[in-house]
$ cat input25.cif   # mmCIF, N, CA and C atoms
data_target
#
loop_
_atom_site.label_atom_id
_atom_site.label_comp_id
_atom_site.auth_asym_id
_atom_site.auth_seq_id
_atom_site.Cartn_x
_atom_site.Cartn_y
_atom_site.Cartn_z
N GLY A 1 -53.65 43.86 -29.83
CA GLY A 1 -53.64 43.60 -28.46
C GLY A 1 -52.33 43.06 -27.95
N GLY A 2 -52.12 43.29 -26.66
CA GLY A 2 -50.96 42.79 -25.98
C GLY A 2 -50.02 43.91 -25.61
N PRO A 3 -49.15 43.65 -24.66
CA PRO A 3 -48.23 44.71 -24.23
C PRO A 3 -47.23 45.05 -25.33
N GLN A 4 -46.95 46.31 -25.46
CA GLN A 4 -45.99 46.79 -26.43
C GLN A 4 -44.61 46.81 -25.79
N THR A 5 -43.59 46.42 -26.54
CA THR A 5 -42.22 46.46 -26.03
C THR A 5 -41.39 47.31 -26.96
N THR A 6 -40.35 47.86 -26.42
CA THR A 6 -39.45 48.67 -27.23
C THR A 6 -38.35 47.79 -27.79
N PRO A 7 -37.68 48.20 -28.87
CA PRO A 7 -36.59 47.40 -29.43
C PRO A 7 -35.50 47.10 -28.42
N ALA A 8 -35.25 47.99 -27.49
CA ALA A 8 -34.22 47.75 -26.49
C ALA A 8 -34.61 46.59 -25.57
N GLU A 9 -35.92 46.45 -25.26
CA GLU A 9 -36.39 45.36 -24.41
C GLU A 9 -36.32 44.02 -25.14
N ASN A 10 -36.41 44.02 -26.47
CA ASN A 10 -36.42 42.79 -27.27
C ASN A 10 -35.03 42.33 -27.70
N GLU A 11 -34.00 43.03 -27.30
CA GLU A 11 -32.66 42.76 -27.79
C GLU A 11 -32.23 41.31 -27.60
N GLY A 12 -32.47 40.70 -26.45
CA GLY A 12 -32.07 39.32 -26.21
C GLY A 12 -33.18 38.31 -26.45
N ASN A 13 -34.35 38.76 -26.81
CA ASN A 13 -35.51 37.88 -26.97
C ASN A 13 -35.74 37.61 -28.47
N PHE A 14 -35.34 36.45 -28.93
CA PHE A 14 -35.45 36.13 -30.35
C PHE A 14 -36.88 35.84 -30.78
N LEU A 15 -37.77 35.49 -29.85
CA LEU A 15 -39.15 35.15 -30.19
C LEU A 15 -40.07 36.37 -30.24
N ALA A 16 -39.59 37.53 -29.81
CA ALA A 16 -40.44 38.71 -29.73
C ALA A 16 -41.13 39.05 -31.06
N PRO A 17 -40.44 39.02 -32.22
CA PRO A 17 -41.14 39.37 -33.47
C PRO A 17 -42.20 38.34 -33.85
N ILE A 18 -42.07 37.10 -33.39
CA ILE A 18 -43.00 36.04 -33.79
C ILE A 18 -44.25 36.03 -32.94
N ILE A 19 -44.14 36.41 -31.67
CA ILE A 19 -45.24 36.29 -30.73
C ILE A 19 -46.47 37.05 -31.21
N GLY A 20 -46.31 38.23 -31.74
CA GLY A 20 -47.46 39.03 -32.14
C GLY A 20 -47.94 38.77 -33.55
N SER A 21 -47.22 37.95 -34.35
CA SER A 21 -47.61 37.76 -35.75
C SER A 21 -48.69 36.68 -35.88
N ASN A 22 -49.40 36.71 -36.98
CA ASN A 22 -50.44 35.72 -37.26
C ASN A 22 -49.93 34.72 -38.28
N LEU A 23 -49.19 33.72 -37.83
CA LEU A 23 -48.68 32.69 -38.74
C LEU A 23 -49.74 31.62 -38.91
N LEU A 24 -50.04 31.27 -40.14
CA LEU A 24 -51.03 30.23 -40.40
C LEU A 24 -50.32 28.91 -40.60
N GLU A 25 -50.78 27.91 -39.90
CA GLU A 25 -50.24 26.57 -40.10
C GLU A 25 -51.03 25.90 -41.22
N PRO A 26 -50.38 25.02 -41.99
CA PRO A 26 -51.11 24.34 -43.06
C PRO A 26 -52.17 23.40 -42.48
N VAL A 27 -53.21 23.18 -43.25
CA VAL A 27 -54.27 22.26 -42.85
C VAL A 27 -53.71 20.85 -42.94
N LEU A 28 -53.86 20.09 -41.85
CA LEU A 28 -53.30 18.74 -41.78
C LEU A 28 -54.40 17.70 -41.83
N GLU A 29 -54.03 16.52 -42.30
CA GLU A 29 -54.93 15.37 -42.26
C GLU A 29 -54.13 14.16 -41.81
N GLN A 30 -54.83 13.23 -41.18
CA GLN A 30 -54.18 12.01 -40.73
C GLN A 30 -54.19 10.99 -41.87
N VAL A 31 -53.03 10.38 -42.11
CA VAL A 31 -52.88 9.41 -43.19
C VAL A 31 -52.29 8.13 -42.60
N CYS A 32 -52.82 7.00 -43.03
CA CYS A 32 -52.28 5.70 -42.62
C CYS A 32 -51.79 5.00 -43.89
N LEU A 33 -50.49 4.75 -43.95
CA LEU A 33 -49.88 4.11 -45.12
C LEU A 33 -49.77 2.61 -44.85
N LEU A 34 -50.49 1.82 -45.63
CA LEU A 34 -50.45 0.36 -45.51
C LEU A 34 -49.68 -0.18 -46.70
N SER A 35 -48.75 -1.10 -46.44
CA SER A 35 -47.96 -1.63 -47.55
C SER A 35 -47.58 -3.08 -47.30
N ASP A 36 -47.58 -3.84 -48.38
CA ASP A 36 -47.13 -5.24 -48.39
C ASP A 36 -46.13 -5.40 -49.51
N VAL A 37 -45.08 -6.16 -49.27
CA VAL A 37 -44.07 -6.44 -50.29
C VAL A 37 -44.20 -7.92 -50.63
N TYR A 38 -44.26 -8.22 -51.92
CA TYR A 38 -44.42 -9.60 -52.36
C TYR A 38 -43.14 -10.19 -52.95
N LEU A 39 -42.39 -9.39 -53.73
CA LEU A 39 -41.27 -9.93 -54.48
C LEU A 39 -40.24 -8.85 -54.79
N VAL A 40 -38.97 -9.19 -54.64
CA VAL A 40 -37.86 -8.37 -55.14
C VAL A 40 -37.08 -9.28 -56.05
N MET A 41 -36.81 -8.84 -57.27
CA MET A 41 -36.16 -9.70 -58.25
C MET A 41 -34.93 -9.02 -58.83
N GLY A 42 -33.86 -9.80 -59.02
CA GLY A 42 -32.67 -9.31 -59.69
C GLY A 42 -31.67 -8.61 -58.80
N ALA A 43 -31.90 -8.56 -57.49
CA ALA A 43 -30.96 -7.90 -56.58
C ALA A 43 -29.90 -8.90 -56.14
N ASP A 44 -28.67 -8.41 -55.99
CA ASP A 44 -27.59 -9.26 -55.50
C ASP A 44 -27.61 -9.29 -53.98
N GLY A 45 -27.29 -10.44 -53.42
CA GLY A 45 -27.20 -10.55 -51.97
C GLY A 45 -27.74 -11.87 -51.47
N ARG A 46 -27.53 -12.09 -50.19
CA ARG A 46 -27.95 -13.33 -49.55
C ARG A 46 -29.35 -13.18 -48.96
N LYS A 47 -29.63 -12.03 -48.34
CA LYS A 47 -30.94 -11.72 -47.76
C LYS A 47 -31.36 -10.33 -48.20
N CYS A 48 -32.66 -10.07 -48.12
CA CYS A 48 -33.20 -8.79 -48.58
C CYS A 48 -34.28 -8.33 -47.62
N GLU A 49 -34.33 -7.01 -47.38
CA GLU A 49 -35.45 -6.41 -46.66
C GLU A 49 -35.78 -5.09 -47.33
N VAL A 50 -37.05 -4.68 -47.23
CA VAL A 50 -37.54 -3.47 -47.88
C VAL A 50 -38.03 -2.51 -46.80
N GLU A 51 -37.65 -1.24 -46.94
CA GLU A 51 -38.06 -0.20 -46.00
C GLU A 51 -38.94 0.81 -46.73
N ILE A 52 -40.09 1.12 -46.15
CA ILE A 52 -41.00 2.13 -46.70
C ILE A 52 -40.94 3.34 -45.76
N SER A 53 -40.69 4.53 -46.32
CA SER A 53 -40.59 5.75 -45.50
C SER A 53 -41.55 6.79 -46.03
N PHE A 54 -42.16 7.52 -45.09
CA PHE A 54 -43.01 8.66 -45.41
C PHE A 54 -42.54 9.80 -44.52
N GLY A 55 -41.73 10.68 -45.07
CA GLY A 55 -41.11 11.72 -44.26
C GLY A 55 -40.14 11.08 -43.28
N ALA A 56 -40.27 11.41 -42.00
CA ALA A 56 -39.37 10.87 -40.98
C ALA A 56 -39.85 9.53 -40.42
N ASN A 57 -41.03 9.07 -40.82
CA ASN A 57 -41.60 7.83 -40.32
C ASN A 57 -41.32 6.70 -41.30
N SER A 58 -41.01 5.51 -40.78
CA SER A 58 -40.71 4.40 -41.67
C SER A 58 -41.08 3.07 -41.02
N GLY A 59 -41.17 2.06 -41.85
CA GLY A 59 -41.40 0.69 -41.42
C GLY A 59 -40.67 -0.23 -42.38
N LYS A 60 -40.38 -1.46 -41.94
CA LYS A 60 -39.65 -2.36 -42.83
C LYS A 60 -40.17 -3.79 -42.71
N THR A 61 -39.84 -4.57 -43.72
CA THR A 61 -40.21 -5.97 -43.76
C THR A 61 -39.18 -6.78 -42.98
N ALA A 62 -39.47 -8.05 -42.80
CA ALA A 62 -38.47 -8.97 -42.27
C ALA A 62 -37.50 -9.31 -43.40
N ALA A 63 -36.30 -9.75 -43.06
CA ALA A 63 -35.31 -10.15 -44.08
C ALA A 63 -35.66 -11.56 -44.57
N VAL A 64 -35.60 -11.76 -45.89
CA VAL A 64 -35.89 -13.07 -46.47
C VAL A 64 -34.68 -13.54 -47.28
N PRO A 65 -34.47 -14.86 -47.35
CA PRO A 65 -33.33 -15.39 -48.13
C PRO A 65 -33.64 -15.40 -49.63
N LYS A 66 -32.58 -15.49 -50.41
CA LYS A 66 -32.68 -15.51 -51.87
C LYS A 66 -33.04 -16.91 -52.35
N THR A 67 -33.90 -16.98 -53.36
CA THR A 67 -34.21 -18.23 -54.06
C THR A 67 -33.89 -18.01 -55.54
N TYR A 68 -33.76 -19.10 -56.28
CA TYR A 68 -33.40 -18.99 -57.70
C TYR A 68 -34.43 -19.66 -58.58
N GLU A 69 -34.59 -19.12 -59.78
CA GLU A 69 -35.40 -19.75 -60.81
C GLU A 69 -34.88 -19.30 -62.16
N LYS A 70 -35.14 -20.09 -63.16
CA LYS A 70 -34.76 -19.69 -64.51
C LYS A 70 -35.77 -18.66 -65.01
N SER A 71 -35.28 -17.57 -65.50
CA SER A 71 -36.17 -16.48 -65.92
C SER A 71 -36.71 -16.76 -67.31
N SER A 72 -38.05 -16.73 -67.42
CA SER A 72 -38.67 -16.97 -68.72
C SER A 72 -38.47 -15.78 -69.66
N SER A 73 -38.42 -14.56 -69.13
CA SER A 73 -38.21 -13.40 -69.99
C SER A 73 -36.78 -13.39 -70.54
N ILE A 74 -35.82 -13.78 -69.73
CA ILE A 74 -34.45 -13.87 -70.22
C ILE A 74 -34.35 -15.01 -71.22
N SER A 75 -35.03 -16.13 -70.95
CA SER A 75 -35.01 -17.25 -71.88
C SER A 75 -35.60 -16.87 -73.23
N ALA A 76 -36.71 -16.12 -73.21
CA ALA A 76 -37.34 -15.70 -74.46
C ALA A 76 -36.43 -14.76 -75.24
N ALA A 77 -35.78 -13.83 -74.54
CA ALA A 77 -34.87 -12.91 -75.22
C ALA A 77 -33.67 -13.64 -75.80
N MET A 78 -33.16 -14.62 -75.05
CA MET A 78 -32.01 -15.38 -75.55
C MET A 78 -32.42 -16.24 -76.73
N GLN A 79 -33.61 -16.80 -76.70
CA GLN A 79 -34.10 -17.62 -77.82
C GLN A 79 -34.25 -16.77 -79.07
N ALA A 80 -34.74 -15.55 -78.92
CA ALA A 80 -34.91 -14.66 -80.07
C ALA A 80 -33.57 -14.31 -80.69
N THR A 81 -32.54 -14.12 -79.87
CA THR A 81 -31.23 -13.78 -80.42
C THR A 81 -30.55 -15.01 -81.03
N GLN A 82 -30.89 -16.20 -80.56
CA GLN A 82 -30.27 -17.41 -81.10
C GLN A 82 -30.92 -17.87 -82.40
N ASP A 83 -32.13 -17.41 -82.67
CA ASP A 83 -32.83 -17.83 -83.88
C ASP A 83 -32.13 -17.36 -85.15
N ASP A 84 -31.36 -16.29 -85.07
CA ASP A 84 -30.70 -15.80 -86.28
C ASP A 84 -29.36 -16.49 -86.53
N ASP A 85 -28.95 -17.42 -85.66
CA ASP A 85 -27.71 -18.19 -85.81
C ASP A 85 -26.48 -17.29 -86.01
N SER A 86 -26.46 -16.14 -85.38
CA SER A 86 -25.32 -15.24 -85.56
C SER A 86 -24.19 -15.53 -84.58
N GLY A 87 -24.39 -16.40 -83.63
CA GLY A 87 -23.34 -16.66 -82.66
C GLY A 87 -23.56 -17.98 -81.97
N PRO A 88 -22.66 -18.34 -81.08
CA PRO A 88 -22.80 -19.60 -80.37
C PRO A 88 -23.99 -19.54 -79.40
N PRO A 89 -24.61 -20.69 -79.12
CA PRO A 89 -25.74 -20.70 -78.19
C PRO A 89 -25.28 -20.30 -76.79
N GLN A 90 -26.16 -19.61 -76.08
CA GLN A 90 -25.86 -19.18 -74.72
C GLN A 90 -26.71 -19.99 -73.74
N SER A 91 -26.21 -20.13 -72.52
CA SER A 91 -26.97 -20.89 -71.52
C SER A 91 -27.98 -19.97 -70.84
N GLN A 92 -28.99 -20.59 -70.24
CA GLN A 92 -29.99 -19.81 -69.51
C GLN A 92 -29.38 -19.28 -68.21
N GLN A 93 -29.81 -18.09 -67.83
CA GLN A 93 -29.31 -17.46 -66.62
C GLN A 93 -30.22 -17.77 -65.45
N GLN A 94 -29.63 -17.96 -64.28
CA GLN A 94 -30.39 -18.10 -63.06
C GLN A 94 -30.61 -16.69 -62.49
N VAL A 95 -31.85 -16.33 -62.26
CA VAL A 95 -32.18 -15.02 -61.72
C VAL A 95 -32.59 -15.20 -60.27
N GLY A 96 -31.91 -14.47 -59.39
CA GLY A 96 -32.24 -14.55 -57.97
C GLY A 96 -33.46 -13.71 -57.65
N LYS A 97 -34.29 -14.23 -56.76
CA LYS A 97 -35.45 -13.46 -56.33
C LYS A 97 -35.66 -13.66 -54.84
N PHE A 98 -36.28 -12.69 -54.24
CA PHE A 98 -36.60 -12.72 -52.82
C PHE A 98 -38.12 -12.71 -52.71
N VAL A 99 -38.70 -13.79 -52.22
CA VAL A 99 -40.16 -13.91 -52.11
C VAL A 99 -40.53 -13.67 -50.65
N PHE A 100 -41.43 -12.73 -50.43
CA PHE A 100 -41.89 -12.38 -49.09
C PHE A 100 -43.23 -13.05 -48.83
N ALA A 101 -43.27 -13.93 -47.83
CA ALA A 101 -44.53 -14.54 -47.42
C ALA A 101 -45.39 -13.46 -46.77
N GLU A 102 -46.62 -13.81 -46.47
CA GLU A 102 -47.57 -12.81 -45.95
C GLU A 102 -47.04 -12.06 -44.73
N ALA A 103 -46.59 -12.76 -43.72
CA ALA A 103 -46.13 -12.09 -42.49
C ALA A 103 -44.81 -11.36 -42.69
N LYS A 104 -43.91 -11.93 -43.47
CA LYS A 104 -42.59 -11.31 -43.65
C LYS A 104 -42.64 -10.11 -44.58
N GLY A 105 -43.61 -10.03 -45.45
CA GLY A 105 -43.71 -8.90 -46.38
C GLY A 105 -44.58 -7.77 -45.89
N ARG A 106 -45.24 -7.95 -44.77
CA ARG A 106 -46.13 -6.91 -44.24
C ARG A 106 -45.32 -5.88 -43.47
N VAL A 107 -45.52 -4.62 -43.82
CA VAL A 107 -44.88 -3.50 -43.13
C VAL A 107 -45.90 -2.95 -42.14
N ASP A 108 -45.45 -2.69 -40.91
CA ASP A 108 -46.37 -2.11 -39.92
C ASP A 108 -46.97 -0.82 -40.47
N PRO A 109 -48.25 -0.56 -40.17
CA PRO A 109 -48.88 0.68 -40.66
C PRO A 109 -48.11 1.91 -40.20
N ILE A 110 -48.00 2.88 -41.10
CA ILE A 110 -47.34 4.15 -40.80
C ILE A 110 -48.42 5.20 -40.68
N LEU A 111 -48.65 5.69 -39.47
CA LEU A 111 -49.70 6.66 -39.17
C LEU A 111 -49.06 8.03 -38.97
N VAL A 112 -49.41 8.99 -39.83
CA VAL A 112 -48.77 10.32 -39.78
C VAL A 112 -49.80 11.42 -40.01
N MET A 113 -49.43 12.60 -39.56
CA MET A 113 -50.18 13.81 -39.89
C MET A 113 -49.41 14.50 -41.01
N THR A 114 -50.11 14.83 -42.09
CA THR A 114 -49.44 15.43 -43.24
C THR A 114 -50.30 16.58 -43.78
N PRO A 115 -49.68 17.57 -44.41
CA PRO A 115 -50.47 18.66 -44.99
C PRO A 115 -51.41 18.14 -46.09
N VAL A 116 -52.56 18.78 -46.21
CA VAL A 116 -53.54 18.41 -47.24
C VAL A 116 -53.01 18.76 -48.63
N ASP A 117 -52.28 19.87 -48.74
CA ASP A 117 -51.72 20.30 -50.02
C ASP A 117 -50.67 19.30 -50.51
N PRO A 118 -50.88 18.65 -51.67
CA PRO A 118 -49.93 17.64 -52.16
C PRO A 118 -48.51 18.15 -52.33
N GLU A 119 -48.33 19.43 -52.66
CA GLU A 119 -46.99 19.97 -52.84
C GLU A 119 -46.22 20.07 -51.52
N SER A 120 -46.92 20.06 -50.41
CA SER A 120 -46.29 20.16 -49.10
C SER A 120 -46.07 18.80 -48.44
N GLN A 121 -46.57 17.74 -49.05
CA GLN A 121 -46.45 16.41 -48.46
C GLN A 121 -45.08 15.81 -48.76
N PRO A 122 -44.56 15.01 -47.82
CA PRO A 122 -43.29 14.33 -48.09
C PRO A 122 -43.48 13.21 -49.11
N TYR A 123 -42.39 12.77 -49.71
CA TYR A 123 -42.43 11.67 -50.66
C TYR A 123 -42.50 10.34 -49.92
N VAL A 124 -43.09 9.34 -50.57
CA VAL A 124 -43.01 7.98 -50.09
C VAL A 124 -41.76 7.38 -50.72
N MET A 125 -40.84 6.92 -49.89
CA MET A 125 -39.58 6.37 -50.37
C MET A 125 -39.55 4.87 -50.11
N ILE A 126 -39.08 4.12 -51.09
CA ILE A 126 -38.93 2.67 -50.96
C ILE A 126 -37.45 2.35 -51.09
N ASN A 127 -36.86 1.81 -50.03
CA ASN A 127 -35.45 1.44 -50.01
C ASN A 127 -35.34 -0.07 -49.92
N VAL A 128 -34.49 -0.64 -50.75
CA VAL A 128 -34.24 -2.08 -50.75
C VAL A 128 -32.83 -2.30 -50.23
N TYR A 129 -32.70 -3.12 -49.20
CA TYR A 129 -31.41 -3.43 -48.60
C TYR A 129 -31.13 -4.92 -48.77
N THR A 130 -29.88 -5.24 -49.09
CA THR A 130 -29.47 -6.64 -49.18
C THR A 130 -28.25 -6.87 -48.30
N ASP A 131 -28.17 -8.08 -47.74
CA ASP A 131 -27.00 -8.51 -46.99
C ASP A 131 -26.14 -9.35 -47.92
N SER A 132 -24.86 -9.04 -47.98
CA SER A 132 -23.98 -9.79 -48.88
C SER A 132 -23.56 -11.10 -48.23
N TRP A 133 -22.88 -11.91 -49.00
CA TRP A 133 -22.41 -13.20 -48.52
C TRP A 133 -21.32 -13.03 -47.47
N LEU A 134 -20.65 -11.89 -47.46
CA LEU A 134 -19.58 -11.64 -46.50
C LEU A 134 -20.05 -10.85 -45.28
N GLY A 135 -21.34 -10.55 -45.20
CA GLY A 135 -21.89 -9.89 -44.02
C GLY A 135 -22.14 -8.40 -44.15
N GLY A 136 -21.75 -7.77 -45.24
CA GLY A 136 -22.00 -6.34 -45.42
C GLY A 136 -23.44 -6.08 -45.85
N ARG A 137 -23.91 -4.88 -45.56
CA ARG A 137 -25.27 -4.52 -45.95
C ARG A 137 -25.19 -3.34 -46.90
N LYS A 138 -25.99 -3.39 -47.98
CA LYS A 138 -25.99 -2.26 -48.91
C LYS A 138 -27.41 -1.95 -49.35
N ARG A 139 -27.59 -0.67 -49.70
CA ARG A 139 -28.87 -0.20 -50.20
C ARG A 139 -28.82 -0.27 -51.72
N ILE A 140 -29.82 -0.85 -52.31
CA ILE A 140 -29.88 -0.99 -53.76
C ILE A 140 -30.49 0.27 -54.35
#

$ encode --input "input25.cif" --output "structure tokens"
Amino acid sequence: GGPQTTPAENEGNFLAPIIGSNLLEPVLEQVCLLSDVYLVMGADGRKCEVEISFGANSGKTAAVPKTYEKSSSISAAMQATQDDDSGPPQSQQQVGKFVFAEAKGRVDPILVMTPVDPESQPYVMINVYTDSWLGGRKRI
């Protein structure tokens, strides 16, 4: 069905071949991505924020300052290496961590329409950004 056109009539009309075709769109479903960030550990910087992206849609946490604690896993590894007395004792390392409280770690819900087929869905990307002591921002 529909009016027939000649190739000469379609010369400047780029949509002419598409109008009559039966293109199937993928089956879509609505998805709501909920995410909370609790802790980022071992990143350099003065402040940290985390961005969650699903395709072109994204949300981010508030920026939180760095706190320090002595790492028990580093302490255990250093103790194991010192037990063999093969070298001088080493001091414990301070490991920086960014702790996100409930409100600061909550990312606004990301509501999107996505194809049902998993191979056609975009990836969920997690980006960690830190602010340096001199004011620059970098993605980890």

$ resolve_selection --input "input25.cif" --expression "the PyMOL selection byres (((chain A and resi 93-106 and name CA) around 6) and name CA)" --output "ChimeraX atom specification"
/A:36-42,61-62,66-71,92,107

$ closest_residue --input "input25.cif" --among "A:Ala63, A:Leu33, A:Ile126, A:Ile140" --to "Ile110 of chain A" --atoms "all atoms listed in the file"
A:Leu33

$ atom_distance --input "input25.cif" --atom1 "atom N of Phe54 of chain A" --atom2 "atom CA of Leu111 of chain A"
9.6 Å

$ atom_distance --input "input25.cif" --atom1 "atom C of Asp117 of chain A" --atom2 "atom CA of Glu51 of chain A"
23.7 Å

$ atom_distance --input "input25.cif" --atom1 "atom CA of Ser35 of chain A" --atom2 "atom CA of Arg137 of chain A"
22.9 Å

$ resolve_selection --input "input25.cif" --expression "the PyMOL selection byres (((chain A and resi 125 and name CA) around 8) and name CA)" --output "ChimeraX atom specification"
/A:52-54,123-124,126-127

$ write_last_selection --input "input25.cif" --atoms "N, CA and C atoms" --output "mmCIF file, keeping the file's coordinate frame"
data_model
loop_
_atom_site.group_PDB
_atom_site.id
_atom_site.type_symbol
_atom_site.label_atom_id
_atom_site.label_comp_id
_atom_site.auth_asym_id
_atom_site.auth_seq_id
_atom_site.Cartn_x
_atom_site.Cartn_y
_atom_site.Cartn_z
ATOM 1 N N ILE A 52 -40.090 1.120 -46.150
ATOM 2 C CA ILE A 52 -41.000 2.130 -46.700
ATOM 3 C C ILE A 52 -40.940 3.340 -45.760
ATOM 4 N N SER A 53 -40.690 4.530 -46.320
ATOM 5 C CA SER A 53 -40.590 5.750 -45.500
ATOM 6 C C SER A 53 -41.550 6.790 -46.030
ATOM 7 N N PHE A 54 -42.160 7.520 -45.090
ATOM 8 C CA PHE A 54 -43.010 8.660 -45.410
ATOM 9 C C PHE A 54 -42.540 9.800 -44.520
ATOM 10 N N TYR A 123 -42.390 12.770 -49.710
ATOM 11 C CA TYR A 123 -42.430 11.670 -50.660
ATOM 12 C C TYR A 123 -42.500 10.340 -49.920
ATOM 13 N N VAL A 124 -43.090 9.340 -50.570
ATOM 14 C CA VAL A 124 -43.010 7.980 -50.090
ATOM 15 C C VAL A 124 -41.760 7.380 -50.720
ATOM 16 N N ILE A 126 -39.080 4.120 -51.090
ATOM 17 C CA ILE A 126 -38.930 2.670 -50.960
ATOM 18 C C ILE A 126 -37.450 2.350 -51.090
ATOM 19 N N ASN A 127 -36.860 1.810 -50.030
ATOM 20 C CA ASN A 127 -35.450 1.440 -50.010
ATOM 21 C C ASN A 127 -35.340 -0.070 -49.920
#

$ closest_residue --input "input25.cif" --among "A:Val64, A:Gly135, A:Thr130, A:Met113" --to "Glu29 of chain A" --atoms "only N, CA and C atoms"
A:Met113

$ resolve_selection --input "input25.cif" --expression "the PyMOL selection byres (((chain A and resi 25 and name CA) around 12) and name CA)" --output "NGL selection string"
:A and (22-24 or 26-28 or 114-117 or 120)

$ closest_residue --input "input25.cif" --among "A:Gly45, A:Gly55, A:Pro65, A:Pro109" --to "Tyr129 of chain A" --atoms "only C-alpha atoms"
A:Gly45

$ closest_residue --input "input25.cif" --among "A:Val128, A:Val112, A:Val31, A:Leu134" --to "Asn57 of chain A" --atoms "only N, CA and C atoms"
A:Val112
